[in-house]
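Printed here is start.cif (mmCIF, C-alpha atoms):
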data_start
#
loop_
_atom_site.label_atom_id
_atom_site.label_comp_id
_atom_site.auth_asym_id
_atom_site.auth_seq_id
_atom_site.Cartn_x
_atom_site.Cartn_y
_atom_site.Cartn_z
CA MET A 1 141.38 134.72 107.10
CA LYS A 2 141.37 138.06 108.91
CA LYS A 3 140.13 141.52 107.90
CA THR A 4 137.28 140.20 105.80
CA GLY A 5 134.94 142.71 107.46
CA THR A 6 136.47 145.61 105.52
CA GLU A 7 136.27 143.70 102.25
CA LEU A 8 132.62 142.72 102.70
CA THR A 9 131.77 146.22 103.87
CA GLY A 10 133.30 147.47 100.60
CA VAL A 11 131.05 145.20 98.55
CA LYS A 12 127.99 146.34 100.51
CA GLU A 13 128.95 150.00 99.99
CA ILE A 14 129.33 149.44 96.25
CA ALA A 15 125.91 147.74 96.20
CA ARG A 16 124.37 150.64 98.13
CA ARG A 17 125.81 153.29 95.83
CA ALA A 18 124.76 151.40 92.71
CA ASN A 19 121.34 150.54 94.19
CA VAL A 20 121.79 146.83 93.45
CA SER A 21 122.18 143.66 95.54
CA ILE A 22 125.57 142.48 96.76
CA GLY A 23 125.05 139.42 94.54
CA THR A 24 124.99 141.68 91.48
CA VAL A 25 128.24 143.32 92.61
CA ASP A 26 129.78 139.88 93.08
CA ARG A 27 128.80 138.87 89.53
CA VAL A 28 130.46 141.98 88.12
CA ILE A 29 133.60 141.50 90.23
CA HIS A 30 133.97 137.92 88.96
CA ASN A 31 132.85 138.73 85.40
CA ARG A 32 129.77 136.48 85.51
CA ASN A 33 126.74 136.75 83.24
CA GLY A 34 123.36 138.15 84.20
CA VAL A 35 124.14 141.85 84.60
CA SER A 36 123.18 144.51 82.07
CA GLU A 37 125.94 146.56 80.43
CA ASP A 38 124.71 149.80 82.03
CA THR A 39 124.67 148.29 85.52
CA LYS A 40 128.10 146.71 84.95
CA ASN A 41 129.55 150.06 83.90
CA LYS A 42 128.01 151.80 86.89
CA ILE A 43 129.44 149.22 89.32
CA ASN A 44 132.88 149.26 87.73
CA ALA A 45 132.95 153.07 87.94
CA ILE A 46 132.15 152.89 91.67
CA ILE A 47 134.82 150.19 92.18
CA GLU A 48 137.35 152.47 90.50
CA GLU A 49 136.23 155.50 92.50
CA MET A 50 136.58 153.58 95.77
CA ASN A 51 139.90 152.04 94.71
CA PHE A 52 138.42 148.69 95.69
CA ARG A 53 140.58 145.59 95.12
CA PRO A 54 138.43 142.43 94.99
CA ASN A 55 141.13 139.76 94.79
CA LYS A 56 140.94 139.11 98.54
CA MET A 57 137.20 138.63 98.29
CA ALA A 58 137.69 136.00 95.59
CA SER A 59 139.97 133.97 97.84
CA LEU A 60 137.53 134.40 100.72
CA LEU A 61 134.68 132.98 98.66
CA ALA A 62 136.80 130.09 97.46
CA SER A 63 137.76 129.09 101.00
CA ARG A 64 134.26 128.86 102.46
CA LYS A 65 132.33 125.66 102.90
CA ILE A 66 128.56 125.47 102.46
CA LEU A 67 126.72 126.43 105.64
CA ASN A 68 123.10 125.65 106.40
CA PHE A 69 120.98 128.11 108.38
CA ALA A 70 117.75 126.72 109.86
CA ILE A 71 114.71 129.00 110.27
CA LEU A 72 112.03 128.05 112.83
CA ILE A 73 109.08 130.45 112.69
CA PRO A 74 105.25 130.32 112.68
CA ALA A 75 103.52 129.63 109.39
CA VAL A 76 101.40 132.25 107.69
CA SER A 77 97.76 131.44 108.47
CA GLY A 78 94.24 132.52 107.61
CA GLU A 79 94.04 134.28 110.97
CA THR A 80 97.11 136.47 110.45
CA ASP A 81 99.59 137.11 107.65
CA TYR A 82 102.05 138.75 110.07
CA TRP A 83 104.66 136.04 109.55
CA SER A 84 104.87 136.73 105.83
CA TYR A 85 106.79 139.92 106.71
CA PRO A 86 109.74 138.41 108.63
CA LEU A 87 109.78 135.60 106.06
CA ASN A 88 110.22 138.16 103.27
CA GLY A 89 113.13 139.71 105.17
CA ILE A 90 114.72 136.29 105.70
CA LYS A 91 114.40 135.50 101.99
CA GLN A 92 115.94 138.85 101.04
CA ALA A 93 118.96 138.13 103.24
CA ALA A 94 119.15 134.58 101.87
CA ASP A 95 119.35 135.93 98.32
CA GLU A 96 122.19 138.28 99.29
CA ILE A 97 124.39 135.69 100.98
CA ARG A 98 123.71 132.66 98.78
CA GLN A 99 126.86 133.32 96.75
CA PHE A 100 128.92 132.98 99.93
CA GLY A 101 127.92 129.33 100.30
CA VAL A 102 124.94 129.73 102.64
CA THR A 103 121.79 127.65 102.23
CA ILE A 104 118.62 128.20 104.23
CA LYS A 105 116.03 125.61 105.26
CA TYR A 106 112.63 126.59 106.63
CA TYR A 107 110.69 124.87 109.40
CA PHE A 108 107.19 126.22 110.06
CA TYR A 109 104.81 125.58 112.94
CA ASP A 110 101.15 126.37 113.64
CA LEU A 111 100.63 129.00 116.34
CA ASN A 112 97.43 127.21 117.37
CA LEU A 113 99.01 123.76 117.63
CA LYS A 114 101.84 123.15 120.09
CA SER A 115 102.55 119.69 118.69
CA SER A 116 103.45 121.27 115.34
CA PHE A 117 106.25 123.17 117.07
CA HIS A 118 107.72 119.89 118.35
CA THR A 119 107.43 118.29 114.90
CA ALA A 120 109.21 121.20 113.21
CA ALA A 121 111.88 121.44 115.92
CA ASP A 122 112.63 117.70 115.81
CA GLU A 123 112.95 117.81 112.02
CA LEU A 124 115.32 120.75 112.28
CA LEU A 125 117.58 118.94 114.75
CA LYS A 126 117.70 115.83 112.55
CA ASN A 127 119.08 117.90 109.68
CA GLU A 128 122.03 119.14 111.77
CA PRO A 129 122.16 122.84 110.81
CA ASP A 130 125.14 125.12 111.34
CA ALA A 131 123.06 127.95 112.84
CA VAL A 132 119.46 128.61 113.89
CA LEU A 133 117.09 131.57 113.76
CA MET A 134 113.86 131.12 115.69
CA ALA A 135 110.76 133.07 116.66
CA PRO A 136 109.73 131.58 120.02
CA SER A 137 106.03 131.30 120.82
CA PHE A 138 105.40 128.42 123.24
CA VAL A 139 107.77 129.58 125.94
CA GLU A 140 108.54 126.40 127.87
CA ASP A 141 108.85 124.36 124.68
CA SER A 142 110.98 127.04 123.04
CA ILE A 143 113.27 127.15 126.07
CA ASP A 144 113.78 123.37 125.91
CA PHE A 145 114.56 123.61 122.21
CA ALA A 146 116.94 126.56 122.70
CA LYS A 147 118.85 124.59 125.35
CA LYS A 148 119.38 121.76 122.85
CA ILE A 149 120.70 124.20 120.26
CA LEU A 150 123.06 125.82 122.75
CA GLU A 151 124.28 122.41 123.96
CA LEU A 152 125.26 121.71 120.35
CA GLU A 153 127.20 125.00 120.48
CA LEU A 154 125.31 126.41 117.51
CA PRO A 155 124.72 130.16 117.14
CA LEU A 156 121.06 130.97 117.89
CA VAL A 157 119.22 134.17 117.00
CA PHE A 158 115.81 135.14 118.38
CA ILE A 159 113.44 137.44 116.50
CA ASN A 160 110.09 139.00 117.44
CA SER A 161 110.33 137.82 121.05
CA ASP A 162 113.22 136.96 123.33
CA LEU A 163 113.27 134.01 125.72
CA PRO A 164 113.69 134.54 129.47
CA GLY A 165 117.14 133.47 130.64
CA GLN A 166 118.29 132.06 127.30
CA PRO A 167 121.70 133.38 126.16
CA GLY A 168 121.42 133.19 122.39
CA LEU A 169 123.78 134.98 120.01
CA THR A 170 121.38 137.93 119.78
CA TYR A 171 117.78 139.07 120.03
CA ILE A 172 116.33 141.25 117.25
CA GLY A 173 112.88 142.67 117.84
CA PRO A 174 110.84 145.09 119.93
CA GLU A 175 111.54 146.01 123.52
CA LEU A 176 108.30 144.36 124.62
CA TYR A 177 107.82 146.06 127.97
CA GLN A 178 108.40 149.56 126.57
CA SER A 179 106.12 148.79 123.66
CA GLY A 180 103.30 148.12 126.12
CA LYS A 181 104.06 151.35 128.00
CA LEU A 182 103.89 153.31 124.76
CA ALA A 183 100.43 151.90 124.01
CA ALA A 184 99.31 152.97 127.48
CA GLN A 185 100.60 156.49 126.99
CA LEU A 186 98.77 156.82 123.67
CA ILE A 187 95.50 155.72 125.24
CA SER A 188 95.97 157.92 128.32
CA LEU A 189 96.01 161.00 126.09
CA ALA A 190 92.62 160.19 124.58
CA ILE A 191 90.38 159.08 127.45
CA GLN A 192 88.63 160.74 130.35
CA LYS A 193 89.44 160.29 134.02
CA GLN A 194 86.42 158.06 134.67
CA ASP A 195 86.99 155.80 131.65
CA LYS A 196 88.25 152.23 131.88
CA ILE A 197 90.56 150.35 129.52
CA LEU A 198 90.36 146.72 128.42
CA THR A 199 93.60 144.87 127.70
CA VAL A 200 92.96 141.91 125.38
CA ASN A 201 95.33 138.97 124.94
CA ILE A 202 94.23 136.65 122.10
CA SER A 203 96.12 133.37 121.87
CA THR A 204 95.46 129.65 122.16
CA ASP A 205 98.32 129.30 124.63
CA LEU A 206 98.30 132.45 126.74
CA GLU A 207 100.40 131.13 129.61
CA ASN A 208 103.27 130.45 127.24
CA ASN A 209 103.05 133.63 125.18
CA HIS A 210 105.83 135.58 126.83
CA HIS A 211 105.78 138.45 124.33
CA LEU A 212 102.08 139.18 124.90
CA LEU A 213 102.40 139.09 128.67
CA ARG A 214 105.44 141.40 128.66
CA LYS A 215 103.49 143.97 126.65
CA GLU A 216 100.60 143.66 129.09
CA GLN A 217 102.97 144.18 132.03
CA GLY A 218 104.43 147.31 130.45
CA PHE A 219 100.96 148.62 129.70
CA LYS A 220 99.75 148.14 133.28
CA SER A 221 102.92 149.60 134.77
CA PHE A 222 102.22 152.93 133.07
CA PHE A 223 98.92 153.32 134.90
CA GLU A 224 100.25 151.85 138.15
CA SER A 225 102.97 154.51 138.25
CA SER A 226 100.32 157.22 137.99
CA GLY A 227 98.08 155.64 140.63
CA ASN A 228 95.41 154.63 138.12
CA ALA A 229 95.89 150.86 138.03
CA ASN A 230 92.15 150.31 138.55
CA LYS A 231 91.54 151.76 135.10
CA VAL A 232 92.78 148.56 133.43
CA VAL A 233 90.70 145.40 133.04
CA THR A 234 92.36 142.34 131.44
CA LEU A 235 90.60 139.90 129.14
CA TYR A 236 92.14 136.61 127.99
CA ILE A 237 90.70 135.02 124.85
CA ASN A 238 92.14 131.55 124.28
CA ASP A 239 89.69 130.49 121.58
CA THR A 240 90.70 132.50 118.52
CA LYS A 241 87.69 131.57 116.38
CA PHE A 242 85.59 134.66 115.61
CA ASP A 243 82.34 133.51 117.24
CA ALA A 244 84.08 132.54 120.48
CA ALA A 245 86.10 135.79 120.59
CA GLU A 246 82.93 137.79 119.90
CA LYS A 247 81.02 136.17 122.75
CA THR A 248 83.88 136.67 125.23
CA LEU A 249 84.43 140.32 124.28
CA LEU A 250 80.73 141.26 124.40
CA THR A 251 80.43 139.70 127.86
CA ALA A 252 83.33 141.83 129.09
CA LEU A 253 81.93 145.03 127.58
CA THR A 254 78.55 144.37 129.15
CA ALA A 255 80.11 143.78 132.57
CA GLU A 256 82.21 146.98 132.38
CA ALA A 257 80.14 149.76 130.82
CA ALA A 258 82.88 152.33 131.50
CA ILE A 259 85.32 150.72 129.02
CA LYS A 260 86.17 153.36 126.41
CA ALA A 261 89.47 151.99 125.08
CA ILE A 262 90.85 148.56 124.16
CA PHE A 263 94.51 147.56 123.86
CA VAL A 264 95.16 144.33 121.93
CA THR A 265 98.63 142.90 122.55
CA ASN A 266 99.17 141.34 119.12
CA SER A 267 98.29 141.57 115.43
CA ARG A 268 94.81 140.11 115.94
CA VAL A 269 93.49 143.59 116.71
CA ASN A 270 91.47 143.31 113.46
CA VAL A 271 89.34 140.59 115.10
CA ILE A 272 88.34 143.01 117.86
CA ALA A 273 87.76 145.75 115.28
CA GLU A 274 85.42 143.49 113.31
CA ILE A 275 83.39 142.70 116.42
CA LEU A 276 83.10 146.38 117.37
CA VAL A 277 81.97 147.31 113.85
CA LYS A 278 79.43 144.50 113.79
CA HIS A 279 77.91 145.74 117.06
CA LYS A 280 78.22 149.44 116.18
CA ARG A 281 80.60 150.21 119.08
CA THR A 282 82.32 153.15 117.40
CA ASP A 283 82.69 154.88 120.77
CA ILE A 284 85.66 152.70 121.77
CA LEU A 285 89.25 153.70 121.00
CA LEU A 286 91.24 150.72 119.72
CA VAL A 287 95.02 150.22 119.73
CA GLY A 288 96.90 147.15 118.54
CA TYR A 289 99.87 145.85 116.59
CA ASP A 290 101.27 145.34 113.14
CA PHE A 291 101.08 146.64 109.60
CA LEU A 292 98.76 144.00 108.12
CA LYS A 293 96.17 144.55 105.39
CA LYS A 294 93.19 143.77 107.64
CA ASN A 295 94.55 146.09 110.32
CA ILE A 296 95.19 148.89 107.83
CA ASP A 297 91.65 148.55 106.46
CA TYR A 298 90.24 149.22 109.94
CA LEU A 299 92.80 151.97 110.51
CA ILE A 300 91.56 153.76 107.37
CA THR A 301 87.92 153.56 108.47
CA GLY A 302 88.83 154.80 111.95
CA GLN A 303 87.84 151.73 113.98
CA ILE A 304 91.52 151.26 114.86
CA THR A 305 93.07 154.52 116.07
CA PHE A 306 96.73 153.51 116.43
CA LEU A 307 98.84 150.62 115.21
CA ILE A 308 102.19 149.96 116.86
CA CYS A 309 104.63 148.42 114.41
CA GLN A 310 107.99 146.78 114.97
CA ARG A 311 109.45 146.29 111.47
CA PRO A 312 109.06 142.49 111.15
CA LYS A 313 110.65 142.33 107.68
CA GLU A 314 113.76 144.04 109.04
CA GLN A 315 113.83 141.63 111.99
CA GLY A 316 113.99 138.64 109.65
CA TYR A 317 116.64 140.25 107.47
CA LEU A 318 118.86 141.33 110.36
CA GLY A 319 118.47 137.94 112.06
CA VAL A 320 119.93 136.06 109.10
CA MET A 321 122.66 138.68 108.62
CA ALA A 322 123.63 138.36 112.30
CA LEU A 323 124.26 134.63 111.81
CA TYR A 324 126.19 135.37 108.63
CA LYS A 325 128.40 138.02 110.27
CA HIS A 326 129.10 135.76 113.22
CA LEU A 327 129.99 132.60 111.29
CA PHE A 328 132.05 134.43 108.69
CA LYS A 329 133.80 136.44 111.42
CA ILE A 330 132.88 139.70 109.71
CA SER A 331 132.03 141.67 112.84
CA GLU A 332 130.88 141.32 116.43
CA VAL A 333 127.13 140.86 116.88
CA GLU A 334 125.36 142.95 119.52
CA LYS A 335 123.52 140.96 122.20
CA SER A 336 120.30 142.75 121.29
CA THR A 337 119.01 144.99 118.52
CA TYR A 338 115.77 146.68 119.44
CA MET A 339 113.50 147.73 116.62
CA PRO A 340 112.08 151.27 116.60
CA ILE A 341 108.56 151.40 118.01
CA ASP A 342 106.58 153.00 115.18
CA ILE A 343 103.16 154.58 115.66
CA ILE A 344 100.96 154.29 112.57
CA THR A 345 97.74 156.25 111.98
CA LYS A 346 95.40 156.67 109.02
CA GLU A 347 97.26 159.91 108.27
CA ASN A 348 100.72 158.36 107.85
CA TYR A 349 100.21 154.68 106.91
CA ARG A 350 100.81 155.38 103.18
CA PHE A 351 104.38 156.43 103.94
CA TYR A 352 105.31 153.51 106.17
CA ASN A 353 107.64 150.83 104.90
CA GLY A 354 107.65 148.29 107.70
#
Full structure transcribed into structure tokens:
Amino acid sequence: MKKTGTELTGVKEIARRANVSIGTVDRVIHNRNGVSEDTKNKINAIIEEMNFRPNKMASLLASRKILNFAILIPAVSGETDYWSYPLNGIKQAADEIRQFGVTIKYYFYDLNLKSSFHTAADELLKNEPDAVLMAPSFVEDSIDFAKKILELELPLVFINSDLPGQPGLTYIGPELYQSGKLAAQLISLAIQKQDKILTVNISTDLENNHHLLRKEQGFKSFFESSGNANKVVTLYINDTKFDAAEKTLLTALTAEAAIKAIFVTNSRVNVIAEILVKHKRTDILLVGYDFLKKNIDYLITGQITFLICQRPKEQGYLGVMALYKHLFKISEVEKSTYMPIDIITKENYRFYNG
């Protein structure tokens, strides 16, 4: 069935104008219960104004089989609630497309336990999904899994981080290298010529954390291009427990007294902030990632100066919608959609909707 893109775009435009979900519009179009009289009247008025004819949509819905989308992402943990944001976006998209015969199954893995990735990935494959959205973390393992998905000729979407050399349907997330360069530029504006900068990567599997290393590369390249590469000292923390991270960081700060700024390549910047507060190191400028409650708390008090945010909720939402548009032949999907790189400070965090 051709030309469904225009029809679905019409439904989305009606939903936007009425400030409701596309599911609500669908219920009004097909005279289903669950919509207030005022909302129904508003939607019908917009349908009339747009001269929208929904009969084609009805036949489209009737012709579709049930499709199962599989979601493979890290679980929310006590260390970071970052993954609650893309999950919320995924659930929002799931609610909007459920009436088109799409079901979504979730497979979660522990960022600190590689074996949990294999368990979740194996379970996913057993259930034979029609499409897959994944957030890769353990690079080599994620590449092996992605190859299996592509061999099955299933559409595959990456969010949060891409995978080197893997031709999925699309990647939706930050441009990692440029994100690191932006962090470097922010820090360069606030330090003196003689100051040094510490780049901190915190992860249990640093060698396989492609997205952290790409940010680090972008960060270093900024100073290399200006002839100041010796300003940057790199610290790898592969034990994410607080006591271990504290010991490793304090050792580095003792060894390099000239360190006046720290760049943390992921959302665990609040761990570094907590250590600095505990040891009264308020003289160090701190930059990290993500609009999380713990991070915002330290942003408000001034221990974190800048947070770089990459709209994780939108990544999850757009990832599911990319699979939907592709399988329903609504529109072509771009090979990559880069999220804006947002700079958050204590002055503007109240107005940010990441």
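Closest to A:Glu96 among A:Val269, A:Ala135, A:Ile22, A:Cys309 is A:Ile22, based on all atoms listed in the file.
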inquiry  = Here's a test: counting only C-alpha atoms, identify every protein, DNA and RNA residue with an atom at most 6 Å from (100.9, 124.5, 110.2) in the file's coordinate frame, and state them as an MDAnalysis selection string.
reply    = chainID A and resid 75 109:110
ask   = Quick one: which residues end up in the PyMOL selection byres ((chain A and resi 187-189) around 8) for this structure, as a ChimeraX atom specification?
value = /A:183-186,190-191,261,285,287
Selection near stretch 46-52 of chain A, 8 Å with all atoms listed in the file, sequence-local residues under 5 positions removed, as a PyMOL selection string = chain A and resi 10+14+17-18
inquiry  = Report, in Å to a single decimal, how far apart atom CA of A:Thr204 and atom CA of A:Asp239 are.
reply    =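 Computing the Euclidean distance for atom CA of A:Asp239 and atom CA of A:Thr204 yields 5.9 Å.
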request  = Would you mind reading off the distance between atom CA of A:Leu176 and atom CA of A:Ser221, one decimal, in Å?
outcome  =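 So the answer is 12.6 Å.
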inquiry  = Suppose a student applies the PyMOL selection byres ((chain A and resi 240) around 9) to this structure; what residues should they get, written as a ChimeraX atom specification?
reply    = /A:79,112,202-204,237-239,241-245,271
Near A:Lys346, counting all atoms listed in the file, which residues have an atom at most 7 Å away, once you skip same-chain residues fewer than 3 positions from it, shown as an mmCIF file with C-alpha atoms, in the frame of the given file?
data_model
loop_
_atom_site.group_PDB
_atom_site.id
_atom_site.type_symbol
_atom_site.label_atom_id
_atom_site.label_comp_id
_atom_site.auth_asym_id
_atom_site.auth_seq_id
_atom_site.Cartn_x
_atom_site.Cartn_y
_atom_site.Cartn_z
ATOM 1 C CA LEU A 299 92.800 151.970 110.510
ATOM 2 C CA ILE A 300 91.560 153.760 107.370
ATOM 3 C CA TYR A 349 100.210 154.680 106.910
#
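Take atom CA of A:Gly227 and atom CA of A:Asp283: the distance between them is 25.1 Å.
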inquiry  = Here's the selection I'm unsure about, the PyMOL selection byres ((chain A and resi 121) around 10); applied to the file above, which residues does it give, as a list in words?
reply    =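 So the PyMOL selection byres ((chain A and resi 121) around 10) ends up selecting Ala70, Ile71, Leu72, Ile73, Tyr107, Phe108, Tyr109, Ser115, Ser116, Phe117, His118, Thr119, Ala120, Asp122, Glu123, Leu124, Leu125, Lys126, Met134, Asp141, Ser142, Phe145 and Ala146 of chain A.
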Distance query A:Ile159 at most 7 Å, only C-alpha atoms, self and fewer than 2 positions along chain excluded, as a ChimeraX atom specification = /A:134-135,157,161-162,171-173,315-316,319
ask   = In terms of the shortest atom-to-atom distance over only C-alpha atoms, which of A:Leu154, A:Leu198, A:Ile275, A:Leu307 is closest to A:Asn348?
value = A:Leu307
inquiry  = Quick one: residues within 9 Å of A:Lys220, all atoms listed in the file, excluding same-chain residues fewer than 3 positions away - as a list in words?
reply    =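 The contact residues come out as Gly180, Lys181, Ala184, Thr199, Lys215, Glu216, Gln217, Phe223, Glu224, Ser225, Ala229 and Val232 of chain A.
Nearest-residue note for A:Phe100: choosing from A:Glu274, A:Glu153, A:Glu140, A:Asp26, the minimum distance belongs to A:Asp26, counting all atoms listed in the file.
Shortest separation to A:Ile66 among A:Ala93, A:Ile104, A:Ile304, A:Leu169 occurs at residue A:Ile104, atoms counted being all atoms listed in the file.
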ask   = For A:Tyr338, which residue out of A:Arg311, A:Arg214, A:Lys294, A:Lys40 is the nearest one, using all atoms listed in the file?
value =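 Looking only at the distances to A:Tyr338, the closest residue turns out to be A:Arg311.
With all atoms listed in the file as the atoms that count, the residue of A:Ile272, A:Leu152, A:Ile197, A:Met321 with the shortest distance to A:Gln92 is A:Met321.
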task = Extract, using all atoms listed in the file, all DNA, RNA and protein residues at most 6 Å from A:Val200, discarding same-chain residues fewer than 5 positions from it, and format them as number ranges by chain.
result = A: 235-236, 264
